[in-house]
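K.L.:
Contents of protein_22.cif (mmCIF, C-alpha atoms):
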data_entry
#
loop_
_atom_site.label_atom_id
_atom_site.label_comp_id
_atom_site.auth_asym_id
_atom_site.auth_seq_id
_atom_site.Cartn_x
_atom_site.Cartn_y
_atom_site.Cartn_z
CA MET A 20 -3.58 -5.97 30.01
CA PRO A 21 -0.83 -4.16 28.07
CA ILE A 22 -3.02 -1.52 26.40
CA LYS A 23 -4.68 -0.49 29.66
CA SER A 24 -1.39 -0.41 31.56
CA LEU A 25 0.10 2.10 29.10
CA ILE A 26 -2.74 4.61 29.52
CA ARG A 27 -1.92 7.40 31.96
CA SER A 28 -4.56 8.58 34.45
CA ILE A 29 -4.49 12.27 35.37
CA PRO A 30 -6.65 13.23 38.36
CA ASP A 31 -8.76 16.42 38.35
CA TYR A 32 -8.32 17.14 34.62
CA PRO A 33 -9.90 19.05 32.94
CA LYS A 34 -11.61 19.79 36.27
CA LYS A 35 -11.90 18.56 39.84
CA GLY A 36 -13.38 15.10 40.20
CA ILE A 37 -12.58 13.93 36.65
CA MET A 38 -9.94 11.23 36.14
CA PHE A 39 -8.60 11.92 32.63
CA ARG A 40 -7.49 8.83 30.68
CA ASP A 41 -4.52 9.96 28.58
CA ILE A 42 -3.66 7.80 25.57
CA THR A 43 -0.52 9.78 24.63
CA THR A 44 1.58 7.48 26.84
CA LEU A 45 0.14 4.48 24.98
CA ILE A 46 0.70 5.75 21.46
CA LYS A 47 4.22 7.05 22.05
CA ASP A 48 5.16 3.45 22.82
CA PRO A 49 5.80 1.77 19.45
CA VAL A 50 4.64 -1.62 20.73
CA GLY A 51 1.59 -0.10 22.41
CA PHE A 52 0.56 1.79 19.29
CA ARG A 53 1.06 -1.27 17.10
CA LEU A 54 -1.01 -3.36 19.53
CA VAL A 55 -3.89 -0.85 19.36
CA ILE A 56 -3.93 -0.80 15.57
CA ASP A 57 -3.40 -4.56 15.21
CA SER A 58 -6.22 -5.29 17.67
CA LEU A 59 -8.66 -3.04 15.80
CA THR A 60 -7.45 -4.35 12.43
CA GLN A 61 -8.01 -7.91 13.64
CA ARG A 62 -11.64 -7.12 14.45
CA TYR A 63 -12.41 -5.36 11.18
CA ILE A 64 -10.45 -7.43 8.71
CA ASN A 65 -12.40 -10.66 9.15
CA GLY A 66 -15.46 -9.63 7.15
CA LYS A 67 -17.95 -9.97 10.02
CA ILE A 68 -18.50 -6.20 10.16
CA ASP A 69 -19.56 -4.90 6.77
CA TYR A 70 -18.12 -1.41 6.17
CA ASP A 71 -16.34 0.41 3.36
CA VAL A 72 -15.00 3.68 4.80
CA ILE A 73 -13.45 4.96 8.04
CA VAL A 74 -14.69 8.18 9.65
CA GLY A 75 -12.39 9.67 12.30
CA ILE A 76 -13.42 12.30 14.84
CA GLU A 77 -11.04 15.26 15.37
CA ALA A 78 -8.47 15.20 16.80
CA ARG A 79 -7.31 12.00 18.53
CA GLY A 80 -9.62 9.90 16.36
CA PHE A 81 -7.45 10.96 13.41
CA ILE A 82 -4.40 9.18 14.84
CA MET A 83 -5.93 5.72 15.00
CA GLY A 84 -8.34 6.39 12.15
CA GLY A 85 -5.47 7.18 9.77
CA ALA A 86 -3.55 4.06 10.74
CA LEU A 87 -6.66 1.89 10.50
CA SER A 88 -7.56 3.26 7.06
CA TYR A 89 -4.13 2.15 5.94
CA THR A 90 -4.19 -1.34 7.44
CA LEU A 91 -7.74 -2.01 6.23
CA GLY A 92 -7.25 -0.44 2.81
CA LYS A 93 -10.23 1.93 3.17
CA GLY A 94 -10.64 5.64 2.55
CA PHE A 95 -10.64 8.11 5.46
CA ALA A 96 -13.19 10.90 6.00
CA PRO A 97 -12.65 13.42 8.82
CA ILE A 98 -15.32 14.88 11.08
CA ARG A 99 -13.96 18.22 12.29
CA LYS A 100 -14.72 21.02 14.70
CA SER A 101 -16.77 23.86 13.30
CA GLY A 102 -15.15 26.04 10.63
CA LYS A 103 -12.23 23.74 9.79
CA LEU A 104 -13.43 22.06 6.58
CA PRO A 105 -13.01 24.08 3.38
CA ALA A 106 -15.88 22.81 1.21
CA GLU A 107 -19.65 22.62 1.84
CA VAL A 108 -20.52 20.89 5.11
CA PHE A 109 -23.32 19.50 7.20
CA SER A 110 -23.09 20.68 10.78
CA GLN A 111 -24.36 19.10 14.00
CA GLU A 112 -24.63 20.68 17.43
CA TYR A 113 -24.22 18.64 20.60
CA ALA A 114 -24.49 19.41 24.31
CA LEU A 115 -21.51 19.95 26.58
CA GLU A 116 -21.80 20.19 30.35
CA TYR A 117 -22.17 23.95 29.94
CA GLY A 118 -23.26 25.13 26.51
CA THR A 119 -22.89 23.41 23.16
CA ASP A 120 -20.30 22.56 20.54
CA ARG A 121 -20.51 21.78 16.85
CA ILE A 122 -18.88 19.27 14.49
CA GLU A 123 -18.99 19.11 10.70
CA ILE A 124 -18.53 16.78 7.75
CA HIS A 125 -18.03 17.58 4.06
CA LYS A 126 -21.25 17.02 2.10
CA ASP A 127 -19.30 14.93 -0.41
CA ALA A 128 -17.29 12.99 2.20
CA LEU A 129 -19.42 9.85 1.88
CA LYS A 130 -21.50 8.33 -0.90
CA PRO A 131 -25.17 7.66 -0.15
CA GLY A 132 -25.39 4.09 1.08
CA ALA A 133 -21.77 4.05 2.29
CA LYS A 134 -21.16 1.77 5.27
CA VAL A 135 -19.15 3.57 7.91
CA LEU A 136 -16.87 2.62 10.77
CA ILE A 137 -16.55 5.60 13.16
CA VAL A 138 -13.29 5.79 15.15
CA ASP A 139 -12.39 7.85 18.22
CA ASP A 140 -10.04 7.41 21.13
CA LEU A 141 -12.47 7.49 24.05
CA LEU A 142 -16.18 7.01 24.75
CA ALA A 143 -17.44 9.01 27.75
CA THR A 144 -20.90 10.66 27.53
CA GLY A 145 -21.28 9.67 23.87
CA GLY A 146 -22.34 13.19 22.89
CA THR A 147 -19.70 13.62 20.19
CA ALA A 148 -20.13 10.08 18.88
CA LEU A 149 -23.90 10.51 18.60
CA ALA A 150 -23.45 13.81 16.74
CA ALA A 151 -20.93 12.12 14.43
CA ALA A 152 -23.41 9.33 13.67
CA THR A 153 -26.09 11.93 12.91
CA LEU A 154 -23.75 13.62 10.42
CA VAL A 155 -22.98 10.30 8.71
CA GLU A 156 -26.72 9.66 8.36
CA LYS A 157 -27.37 13.17 6.99
CA LEU A 158 -25.21 12.06 4.04
CA GLY A 159 -27.39 8.99 3.50
CA ALA A 160 -24.67 6.68 4.82
CA ARG A 161 -24.97 4.07 7.58
CA VAL A 162 -22.99 3.62 10.80
CA MET A 163 -22.01 -0.05 11.04
CA GLU A 164 -20.00 0.24 14.25
CA MET A 165 -18.14 2.75 16.43
CA ALA A 166 -14.67 1.77 17.68
CA PHE A 167 -12.82 3.29 20.65
CA ILE A 168 -9.61 2.55 22.51
CA VAL A 169 -11.20 3.37 25.87
CA ASN A 170 -14.77 3.02 27.10
CA LEU A 171 -15.92 4.67 30.34
CA PRO A 172 -19.19 2.77 30.78
CA ASP A 173 -20.13 4.46 34.06
CA VAL A 174 -20.31 7.84 32.29
CA GLY A 175 -23.21 6.57 30.19
CA GLY A 176 -22.07 6.87 26.57
CA GLU A 177 -22.19 3.15 25.86
CA LYS A 178 -25.79 2.95 27.05
CA LYS A 179 -26.79 6.12 25.17
CA LEU A 180 -25.35 4.82 21.89
CA ALA A 181 -26.88 1.36 22.40
CA ASP A 182 -30.27 2.95 23.14
CA ASN A 183 -29.94 4.75 19.80
CA GLY A 184 -29.26 1.46 18.02
CA TYR A 185 -25.50 1.75 17.50
CA ASN A 186 -22.93 -1.03 17.92
CA ILE A 187 -19.87 -0.07 19.86
CA TYR A 188 -16.52 -1.79 20.34
CA SER A 189 -13.66 -0.81 22.64
CA LEU A 190 -10.26 -2.25 23.52
CA THR A 191 -10.35 -1.46 27.22
CA GLU A 192 -12.59 0.01 29.94
CA PHE A 193 -12.15 2.06 33.09
CA ALA A 194 -14.70 2.21 35.89
CA GLY A 195 -15.78 5.61 37.26
CA ALA A 196 -15.91 9.07 35.73
CA MET B 4 0.78 12.49 -10.91
CA PRO B 5 -1.90 10.56 -9.03
CA ILE B 6 -1.44 12.19 -5.60
CA LYS B 7 -1.59 15.72 -6.99
CA SER B 8 -4.60 14.95 -9.18
CA LEU B 9 -6.65 13.81 -6.16
CA ILE B 10 -6.10 17.06 -4.22
CA ARG B 11 -9.00 19.48 -4.53
CA SER B 12 -8.31 23.20 -5.02
CA ILE B 13 -10.82 25.60 -3.46
CA PRO B 14 -10.50 29.23 -4.57
CA ASP B 15 -10.82 32.11 -2.08
CA TYR B 16 -10.65 29.92 1.05
CA PRO B 17 -10.19 30.78 3.86
CA LYS B 18 -10.17 34.25 2.26
CA LYS B 19 -10.10 36.00 -1.10
CA GLY B 20 -6.96 35.35 -3.13
CA ILE B 21 -5.99 32.11 -1.39
CA MET B 22 -6.25 28.83 -3.31
CA PHE B 23 -6.81 26.21 -0.61
CA ARG B 24 -5.31 22.75 -1.33
CA ASP B 25 -7.73 20.27 0.21
CA ILE B 26 -6.34 16.79 0.92
CA THR B 27 -9.70 15.34 2.07
CA THR B 28 -10.45 14.25 -1.50
CA LEU B 29 -7.09 12.46 -1.61
CA ILE B 30 -7.42 10.59 1.66
CA LYS B 31 -11.02 9.50 1.16
CA ASP B 32 -9.76 7.59 -1.88
CA PRO B 33 -8.40 4.27 -0.54
CA VAL B 34 -5.79 4.03 -3.30
CA GLY B 35 -4.81 7.67 -2.87
CA PHE B 36 -4.39 7.33 0.86
CA ARG B 37 -2.39 4.13 0.50
CA LEU B 38 -0.15 5.80 -2.08
CA VAL B 39 0.56 8.71 0.30
CA ILE B 40 1.50 6.42 3.17
CA ASP B 41 3.45 3.98 1.01
CA SER B 42 5.42 6.82 -0.59
CA LEU B 43 6.39 8.28 2.78
CA THR B 44 7.09 4.81 4.20
CA GLN B 45 9.35 4.09 1.24
CA ARG B 46 11.43 7.18 2.02
CA TYR B 47 11.76 6.52 5.74
CA ILE B 48 12.14 2.75 5.82
CA ASN B 49 15.45 2.58 3.99
CA GLY B 50 17.64 3.71 6.87
CA LYS B 51 19.03 6.80 5.13
CA ILE B 52 17.15 9.14 7.46
CA ASP B 53 18.00 8.34 11.08
CA TYR B 54 14.94 8.87 13.33
CA ASP B 55 13.20 7.00 16.11
CA VAL B 56 9.87 8.75 16.72
CA ILE B 57 7.11 10.45 14.70
CA VAL B 58 5.71 13.83 15.79
CA GLY B 59 2.41 14.83 14.15
CA ILE B 60 1.00 18.35 14.14
CA GLU B 61 -2.72 18.74 14.99
CA ALA B 62 -4.99 18.04 13.23
CA ARG B 63 -4.38 16.79 9.68
CA GLY B 64 -0.83 15.78 10.59
CA PHE B 65 -2.37 13.20 12.91
CA ILE B 66 -3.97 11.33 10.00
CA MET B 67 -0.76 10.58 8.11
CA GLY B 68 1.36 10.63 11.26
CA GLY B 69 -0.71 7.84 12.80
CA ALA B 70 -0.53 5.69 9.69
CA LEU B 71 3.20 6.32 9.31
CA SER B 72 3.91 5.45 12.93
CA TYR B 73 2.25 2.13 12.24
CA THR B 74 4.03 1.32 8.99
CA LEU B 75 7.42 2.37 10.35
CA GLY B 76 6.96 0.76 13.77
CA LYS B 77 7.70 3.98 15.68
CA GLY B 78 5.90 5.73 18.53
CA PHE B 79 3.73 8.77 17.88
CA ALA B 80 3.84 12.04 19.82
CA PRO B 81 1.22 14.75 19.14
CA ILE B 82 1.81 18.50 19.00
CA ARG B 83 -1.54 20.10 19.82
CA LYS B 84 -3.25 23.47 19.92
CA SER B 85 -3.04 25.29 23.23
CA GLY B 86 -4.93 23.77 26.16
CA LYS B 87 -5.56 20.33 24.66
CA LEU B 88 -2.84 18.22 26.32
CA PRO B 89 -3.60 17.02 29.86
CA ALA B 90 -0.11 16.76 31.41
CA GLU B 91 2.71 19.33 31.75
CA VAL B 92 3.61 21.00 28.46
CA PHE B 93 6.06 23.26 26.73
CA SER B 94 4.29 25.92 24.72
CA GLN B 95 5.40 27.87 21.64
CA GLU B 96 3.82 30.96 20.10
CA TYR B 97 3.96 31.63 16.38
CA ALA B 98 2.78 34.43 14.15
CA LEU B 99 -0.37 34.32 12.05
CA GLU B 100 -1.21 36.94 9.44
CA TYR B 101 -3.10 38.80 12.16
CA GLY B 102 -2.11 37.97 15.72
CA THR B 103 -0.55 34.81 17.08
CA ASP B 104 -1.37 31.21 17.87
CA ARG B 105 0.19 28.67 20.21
CA ILE B 106 1.02 24.96 20.05
CA GLU B 107 2.14 22.61 22.81
CA ILE B 108 3.92 19.32 23.47
CA HIS B 109 3.97 17.16 26.59
CA LYS B 110 7.23 17.63 28.50
CA ASP B 111 7.61 13.82 28.61
CA ALA B 112 6.63 13.24 24.97
CA LEU B 113 10.22 12.74 23.80
CA LYS B 114 13.39 11.51 25.46
CA PRO B 115 16.40 13.84 25.39
CA GLY B 116 18.40 12.92 22.31
CA ALA B 117 15.38 11.47 20.49
CA LYS B 118 15.56 11.77 16.71
CA VAL B 119 12.30 13.11 15.35
CA LEU B 120 10.44 13.01 12.07
CA ILE B 121 7.81 15.80 12.03
CA VAL B 122 4.74 15.16 9.86
CA ASP B 123 2.06 17.55 8.61
CA ASP B 124 -0.18 17.71 5.57
CA LEU B 125 0.92 21.02 4.04
CA LEU B 126 3.84 23.43 4.13
CA ALA B 127 2.86 27.05 3.43
CA THR B 128 4.54 29.83 5.47
CA GLY B 129 6.33 27.31 7.69
CA GLY B 130 5.26 29.13 10.86
CA THR B 131 3.65 26.10 12.49
CA ALA B 132 6.44 23.75 11.39
CA LEU B 133 9.11 26.05 12.80
CA ALA B 134 7.23 26.33 16.11
CA ALA B 135 6.91 22.53 16.17
CA ALA B 136 10.66 22.14 15.63
CA THR B 137 11.32 24.60 18.46
CA LEU B 138 9.13 22.51 20.79
CA VAL B 139 10.98 19.32 19.85
CA GLU B 140 14.28 21.03 20.62
CA LYS B 141 13.00 22.37 23.97
CA LEU B 142 12.75 18.69 24.97
CA GLY B 143 16.39 18.10 24.01
CA ALA B 144 15.38 16.11 20.93
CA ARG B 145 16.51 16.65 17.33
CA VAL B 146 14.49 17.22 14.16
CA MET B 147 15.90 14.92 11.49
CA GLU B 148 13.39 15.83 8.76
CA MET B 149 9.93 17.31 8.21
CA ALA B 150 7.58 15.51 5.82
CA PHE B 151 4.54 16.99 4.09
CA ILE B 152 2.10 15.83 1.45
CA VAL B 153 1.98 19.28 -0.17
CA ASN B 154 4.60 22.00 -0.43
CA LEU B 155 3.69 25.54 -1.55
CA PRO B 156 7.21 26.81 -2.25
CA ASP B 157 6.08 30.26 -3.43
CA VAL B 158 4.62 30.99 0.02
CA GLY B 159 8.10 30.79 1.51
CA GLY B 160 7.96 28.04 4.13
CA GLU B 161 10.46 25.78 2.40
CA LYS B 162 13.03 28.58 2.29
CA LYS B 163 12.33 29.62 5.89
CA LEU B 164 12.83 26.07 7.17
CA ALA B 165 15.95 25.55 5.06
CA ASP B 166 17.38 28.87 6.31
CA ASN B 167 16.89 27.52 9.84
CA GLY B 168 18.77 24.34 8.97
CA TYR B 169 15.86 21.89 8.61
CA ASN B 170 15.49 19.20 5.96
CA ILE B 171 12.10 19.04 4.34
CA TYR B 172 10.47 16.46 2.11
CA SER B 173 7.16 16.64 0.28
CA LEU B 174 5.24 14.40 -2.10
CA THR B 175 3.93 17.14 -4.37
CA GLU B 176 4.05 20.92 -4.95
CA PHE B 177 1.71 23.62 -6.15
CA ALA B 178 2.85 26.98 -7.52
CA GLY B 179 1.31 30.19 -6.20
CA ALA B 180 -0.30 31.07 -2.86
#
I'd like the structure from this file rewritten - as structure tokens, please.

P.N.:
Amino acid sequence: MPIKSLIRSIPDYPKKGIMFRDITTLIKDPVGFRLVIDSLTQRYINGKIDYDVIVGIEARGFIMGGALSYTLGKGFAPIRKSGKLPAEVFSQEYALEYGTDRIEIHKDALKPGAKVLIVDDLLATGGTALAAATLVEKLGARVMEMAFIVNLPDVGGEKKLADNGYNIYSLTEFAGA
Amino acid sequence: MPIKSLIRSIPDYPKKGIMFRDITTLIKDPVGFRLVIDSLTQRYINGKIDYDVIVGIEARGFIMGGALSYTLGKGFAPIRKSGKLPAEVFSQEYALEYGTDRIEIHKDALKPGAKVLIVDDLLATGGTALAAATLVEKLGARVMEMAFIVNLPDVGGEKKLADNGYNIYSLTEFAGA
């Protein structure tokens, strides 16, 4: 499968035992990048998923999220790391392996009732995606689906998001951690 | 001018005396976002600027950079904050008002001789853009132009980049700091 074959696997990054799936080799390939965006556009342009705005998660989610906002003709709202957004925000903490991190969204990023497609490059534990969904809901908006290039189902994020009632979609999967 | 009118100005952010130009209000508007990408596409699709790859600067540069890579049919290479890229990198320090920061590019992100269009949301002091250009050149590639949504000419970045021989292009300008 062309998308999967263009993703680079880096052993023991960021630490021993983790096989890092690196999408930079995919997106620097013009045909690979176009295939990613066209595949996602194809899914979301047919009217079966009802959504009206794209939310991208910093930072790699911005790359596909920006392109997808363009192809689908929707606005783009960023979810950023703590302290990066200039206006009033809602903030959500989530667990890392050791400690916690925090992401934020502008309070006026979404209208109440907005129907949101969340975009990120990779689904692993689902911690960031779940925190992003919580932020969307704090604004009174609804998460219609979450789209990823890569899903790592064995890490548990897919199950965690499904258990919380979210639909997920991914272009490719890798087994293992 | 529609693009300028959709940019929000936030006084005293990130600190007293700075008027922050916030593009999130522009890009959450579907027509605004499309206008940004179409305007940049219009400039770079006509063959007058010779380039073959888009380099986006983390993080807001990823949003337009991703969309522009799609519309122009070029690959996308990210320049990221220190410690974010998984493979071997070149690293470049640049000055902040107090202290320094560091950005990085994968050593295999660009082929020697590649012709690069650098994309970011805003040109202020030009420190990050100049560091980004230095990274591109460390890989033996050439910076053909740097594109921004917003230029703040009074802050000095435009002059600094021009003095270093770089072409810049922006969609709109604001006077003052």

K.L.:
For A:Ala96, please output as a VMD selection string all residues within 8 Å (counting only C-alpha atoms; exclusion window: fewer than 6 positions along the same chain).

P.N.:
(chain A and resid 72 to 75 128 to 129) or (chain B and resid 27 30 to 31)

K.L.:
Give me the least-squares superposed chain B (reference chain A; all C-alpha atoms paired in order) as a short mmCIF file (atom, residue, chain, number, x, y, z; two decimals) with C-alpha atoms, in the coordinates of the input.

P.N.:
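Generated file (superposed.cif):
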data_model
loop_
_atom_site.label_atom_id
_atom_site.label_comp_id
_atom_site.auth_asym_id
_atom_site.auth_seq_id
_atom_site.Cartn_x
_atom_site.Cartn_y
_atom_site.Cartn_z
CA MET B 4 -3.56 -5.97 30.02
CA PRO B 5 -0.83 -4.18 28.08
CA ILE B 6 -3.01 -1.51 26.41
CA LYS B 7 -4.68 -0.49 29.66
CA SER B 8 -1.39 -0.41 31.57
CA LEU B 9 0.11 2.10 29.11
CA ILE B 10 -2.74 4.62 29.52
CA ARG B 11 -1.92 7.40 31.96
CA SER B 12 -4.56 8.57 34.45
CA ILE B 13 -4.49 12.26 35.38
CA PRO B 14 -6.64 13.23 38.36
CA ASP B 15 -8.75 16.42 38.35
CA TYR B 16 -8.33 17.13 34.62
CA PRO B 17 -9.89 19.02 32.93
CA LYS B 18 -11.60 19.79 36.26
CA LYS B 19 -11.88 18.56 39.84
CA GLY B 20 -13.37 15.09 40.19
CA ILE B 21 -12.59 13.93 36.65
CA MET B 22 -9.94 11.24 36.13
CA PHE B 23 -8.60 11.91 32.63
CA ARG B 24 -7.48 8.81 30.67
CA ASP B 25 -4.53 9.96 28.59
CA ILE B 26 -3.66 7.79 25.57
CA THR B 27 -0.52 9.79 24.64
CA THR B 28 1.59 7.49 26.83
CA LEU B 29 0.14 4.49 24.98
CA ILE B 30 0.71 5.75 21.46
CA LYS B 31 4.22 7.06 22.05
CA ASP B 32 5.17 3.46 22.84
CA PRO B 33 5.80 1.78 19.46
CA VAL B 34 4.65 -1.62 20.73
CA GLY B 35 1.60 -0.09 22.41
CA PHE B 36 0.57 1.78 19.31
CA ARG B 37 1.07 -1.27 17.11
CA LEU B 38 -1.00 -3.36 19.52
CA VAL B 39 -3.88 -0.85 19.36
CA ILE B 40 -3.92 -0.81 15.57
CA ASP B 41 -3.40 -4.55 15.20
CA SER B 42 -6.21 -5.28 17.66
CA LEU B 43 -8.66 -3.05 15.80
CA THR B 44 -7.45 -4.36 12.43
CA GLN B 45 -8.00 -7.91 13.65
CA ARG B 46 -11.64 -7.11 14.45
CA TYR B 47 -12.41 -5.36 11.18
CA ILE B 48 -10.44 -7.45 8.71
CA ASN B 49 -12.40 -10.66 9.16
CA GLY B 50 -15.46 -9.63 7.16
CA LYS B 51 -17.94 -9.97 10.02
CA ILE B 52 -18.50 -6.21 10.18
CA ASP B 53 -19.55 -4.90 6.77
CA TYR B 54 -18.10 -1.40 6.17
CA ASP B 55 -16.34 0.41 3.36
CA VAL B 56 -15.02 3.68 4.80
CA ILE B 57 -13.45 4.96 8.04
CA VAL B 58 -14.69 8.19 9.65
CA GLY B 59 -12.38 9.67 12.31
CA ILE B 60 -13.43 12.30 14.83
CA GLU B 61 -11.05 15.27 15.35
CA ALA B 62 -8.47 15.20 16.80
CA ARG B 63 -7.31 12.01 18.53
CA GLY B 64 -9.62 9.92 16.36
CA PHE B 65 -7.46 10.96 13.41
CA ILE B 66 -4.41 9.18 14.83
CA MET B 67 -5.93 5.71 14.99
CA GLY B 68 -8.34 6.39 12.14
CA GLY B 69 -5.47 7.17 9.78
CA ALA B 70 -3.55 4.06 10.74
CA LEU B 71 -6.66 1.90 10.49
CA SER B 72 -7.57 3.26 7.07
CA TYR B 73 -4.14 2.15 5.95
CA THR B 74 -4.20 -1.34 7.45
CA LEU B 75 -7.75 -2.01 6.24
CA GLY B 76 -7.27 -0.44 2.81
CA LYS B 77 -10.24 1.92 3.18
CA GLY B 78 -10.63 5.65 2.57
CA PHE B 79 -10.65 8.10 5.46
CA ALA B 80 -13.18 10.89 6.00
CA PRO B 81 -12.66 13.42 8.82
CA ILE B 82 -15.33 14.89 11.09
CA ARG B 83 -13.95 18.22 12.28
CA LYS B 84 -14.71 21.02 14.71
CA SER B 85 -16.78 23.86 13.30
CA GLY B 86 -15.15 26.03 10.64
CA LYS B 87 -12.23 23.74 9.79
CA LEU B 88 -13.43 22.05 6.58
CA PRO B 89 -13.00 24.08 3.38
CA ALA B 90 -15.88 22.80 1.20
CA GLU B 91 -19.65 22.62 1.84
CA VAL B 92 -20.53 20.90 5.11
CA PHE B 93 -23.33 19.50 7.19
CA SER B 94 -23.09 20.68 10.77
CA GLN B 95 -24.35 19.11 14.00
CA GLU B 96 -24.63 20.68 17.45
CA TYR B 97 -24.23 18.64 20.61
CA ALA B 98 -24.47 19.40 24.29
CA LEU B 99 -21.49 19.95 26.57
CA GLU B 100 -21.79 20.18 30.34
CA TYR B 101 -22.15 23.94 29.92
CA GLY B 102 -23.27 25.11 26.50
CA THR B 103 -22.89 23.41 23.15
CA ASP B 104 -20.29 22.56 20.55
CA ARG B 105 -20.52 21.77 16.85
CA ILE B 106 -18.88 19.29 14.48
CA GLU B 107 -18.99 19.12 10.69
CA ILE B 108 -18.53 16.79 7.73
CA HIS B 109 -18.03 17.58 4.05
CA LYS B 110 -21.26 17.03 2.11
CA ASP B 111 -19.28 14.94 -0.41
CA ALA B 112 -17.29 12.99 2.19
CA LEU B 113 -19.43 9.85 1.88
CA LYS B 114 -21.50 8.34 -0.90
CA PRO B 115 -25.18 7.67 -0.15
CA GLY B 116 -25.38 4.10 1.09
CA ALA B 117 -21.77 4.06 2.30
CA LYS B 118 -21.15 1.78 5.27
CA VAL B 119 -19.15 3.58 7.92
CA LEU B 120 -16.87 2.63 10.77
CA ILE B 121 -16.54 5.61 13.16
CA VAL B 122 -13.29 5.80 15.15
CA ASP B 123 -12.39 7.85 18.22
CA ASP B 124 -10.04 7.41 21.14
CA LEU B 125 -12.49 7.49 24.05
CA LEU B 126 -16.18 7.01 24.75
CA ALA B 127 -17.44 9.00 27.75
CA THR B 128 -20.90 10.66 27.52
CA GLY B 129 -21.28 9.67 23.87
CA GLY B 130 -22.35 13.19 22.88
CA THR B 131 -19.70 13.63 20.19
CA ALA B 132 -20.13 10.08 18.88
CA LEU B 133 -23.89 10.50 18.58
CA ALA B 134 -23.45 13.82 16.74
CA ALA B 135 -20.93 12.12 14.43
CA ALA B 136 -23.41 9.33 13.67
CA THR B 137 -26.09 11.92 12.91
CA LEU B 138 -23.74 13.62 10.42
CA VAL B 139 -23.00 10.30 8.70
CA GLU B 140 -26.72 9.66 8.37
CA LYS B 141 -27.38 13.17 7.00
CA LEU B 142 -25.22 12.07 4.05
CA GLY B 143 -27.39 8.99 3.51
CA ALA B 144 -24.67 6.69 4.83
CA ARG B 145 -24.97 4.06 7.58
CA VAL B 146 -23.00 3.62 10.80
CA MET B 147 -22.02 -0.04 11.04
CA GLU B 148 -19.99 0.25 14.26
CA MET B 149 -18.12 2.74 16.43
CA ALA B 150 -14.67 1.77 17.69
CA PHE B 151 -12.82 3.29 20.64
CA ILE B 152 -9.62 2.55 22.50
CA VAL B 153 -11.21 3.37 25.87
CA ASN B 154 -14.77 3.01 27.10
CA LEU B 155 -15.94 4.67 30.34
CA PRO B 156 -19.20 2.76 30.78
CA ASP B 157 -20.13 4.47 34.07
CA VAL B 158 -20.31 7.84 32.29
CA GLY B 159 -23.20 6.56 30.20
CA GLY B 160 -22.09 6.87 26.58
CA GLU B 161 -22.20 3.15 25.87
CA LYS B 162 -25.81 2.95 27.04
CA LYS B 163 -26.79 6.12 25.16
CA LEU B 164 -25.35 4.80 21.89
CA ALA B 165 -26.88 1.36 22.38
CA ASP B 166 -30.28 2.95 23.14
CA ASN B 167 -29.96 4.74 19.79
CA GLY B 168 -29.26 1.46 18.02
CA TYR B 169 -25.48 1.74 17.49
CA ASN B 170 -22.93 -1.03 17.91
CA ILE B 171 -19.86 -0.07 19.86
CA TYR B 172 -16.52 -1.77 20.34
CA SER B 173 -13.66 -0.81 22.63
CA LEU B 174 -10.27 -2.26 23.51
CA THR B 175 -10.37 -1.48 27.22
CA GLU B 176 -12.59 0.01 29.95
CA PHE B 177 -12.15 2.05 33.09
CA ALA B 178 -14.70 2.23 35.90
CA GLY B 179 -15.79 5.60 37.27
CA ALA B 180 -15.92 9.07 35.71
#

K.L.:
Show me, as a count of residues only, every residue of chain B with an atom at most 8 Å from chain A, counting all atoms listed in the file.

P.N.:
37

K.L.:
Given the choices A:Glu164, A:Glu123, A:Glu116, A:Asp173, which gets closest to A:Lys67 if the distance is worked out from only C-alpha atoms?

P.N.:
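Smallest distance to A:Lys67 is found for A:Glu164.
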
K.L.:
What is the distance, in Å and to one decimal place, between atom CA of A:Gly175 and atom CA of A:Tyr117?

P.N.:
17.4 Å

K.L.:
Using all atoms listed in the file, collect all residues at a distance of at most 10 Å from (0.3, 34.0, 9.9) as written in the file, then present them as a list in words.

P.N.:
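Selection result: Tyr97, Ala98, Leu99, Glu100, Tyr101, Gly102, Thr103, Asp104, Ala127, Thr128, Gly129, Gly130 and Thr131 of chain B.
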
K.L.:
Okay, now the selection with C-alpha atoms, as a JSON list (two decimals), keeping the file's coordinate frame?

P.N.:
[["chain", "number", "residue", "atom", "x", "y", "z"],
["B", 97, "TYR", "CA", 3.96, 31.63, 16.38],
["B", 98, "ALA", "CA", 2.78, 34.43, 14.15],
["B", 99, "LEU", "CA", -0.37, 34.32, 12.05],
["B", 100, "GLU", "CA", -1.21, 36.94, 9.44],
["B", 101, "TYR", "CA", -3.10, 38.80, 12.16],
["B", 102, "GLY", "CA", -2.11, 37.97, 15.72],
["B", 103, "THR", "CA", -0.55, 34.81, 17.08],
["B", 104, "ASP", "CA", -1.37, 31.21, 17.87],
["B", 127, "ALA", "CA", 2.86, 27.05, 3.43],
["B", 128, "THR", "CA", 4.54, 29.83, 5.47],
["B", 129, "GLY", "CA", 6.33, 27.31, 7.69],
["B", 130, "GLY", "CA", 5.26, 29.13, 10.86],
["B", 131, "THR", "CA", 3.65, 26.10, 12.49]]

K.L.:
Hey, what comes out of the PyMOL selection byres ((chain B and resi 160-166) around 10) on this file? Could you write it as JSON, numbers by chain?

P.N.:
{"B": [125, 126, 127, 128, 129, 130, 131, 132, 133, 136, 149, 154, 155, 156, 157, 158, 159, 167, 168, 169, 170, 171, 172, 173]}

K.L.:
Could you give me the axis-aligned bounding box of stretch 102-121 of chain B, with 8 Å of padding per side, as centre plus edge lengths in Å to one decimal, as lines of an AutoDock Vina configuration file?

P.N.:
center_x = 8.1
center_y = 24.7
center_z = 20.3
size_x = 36.5
size_y = 42.5
size_z = 32.6
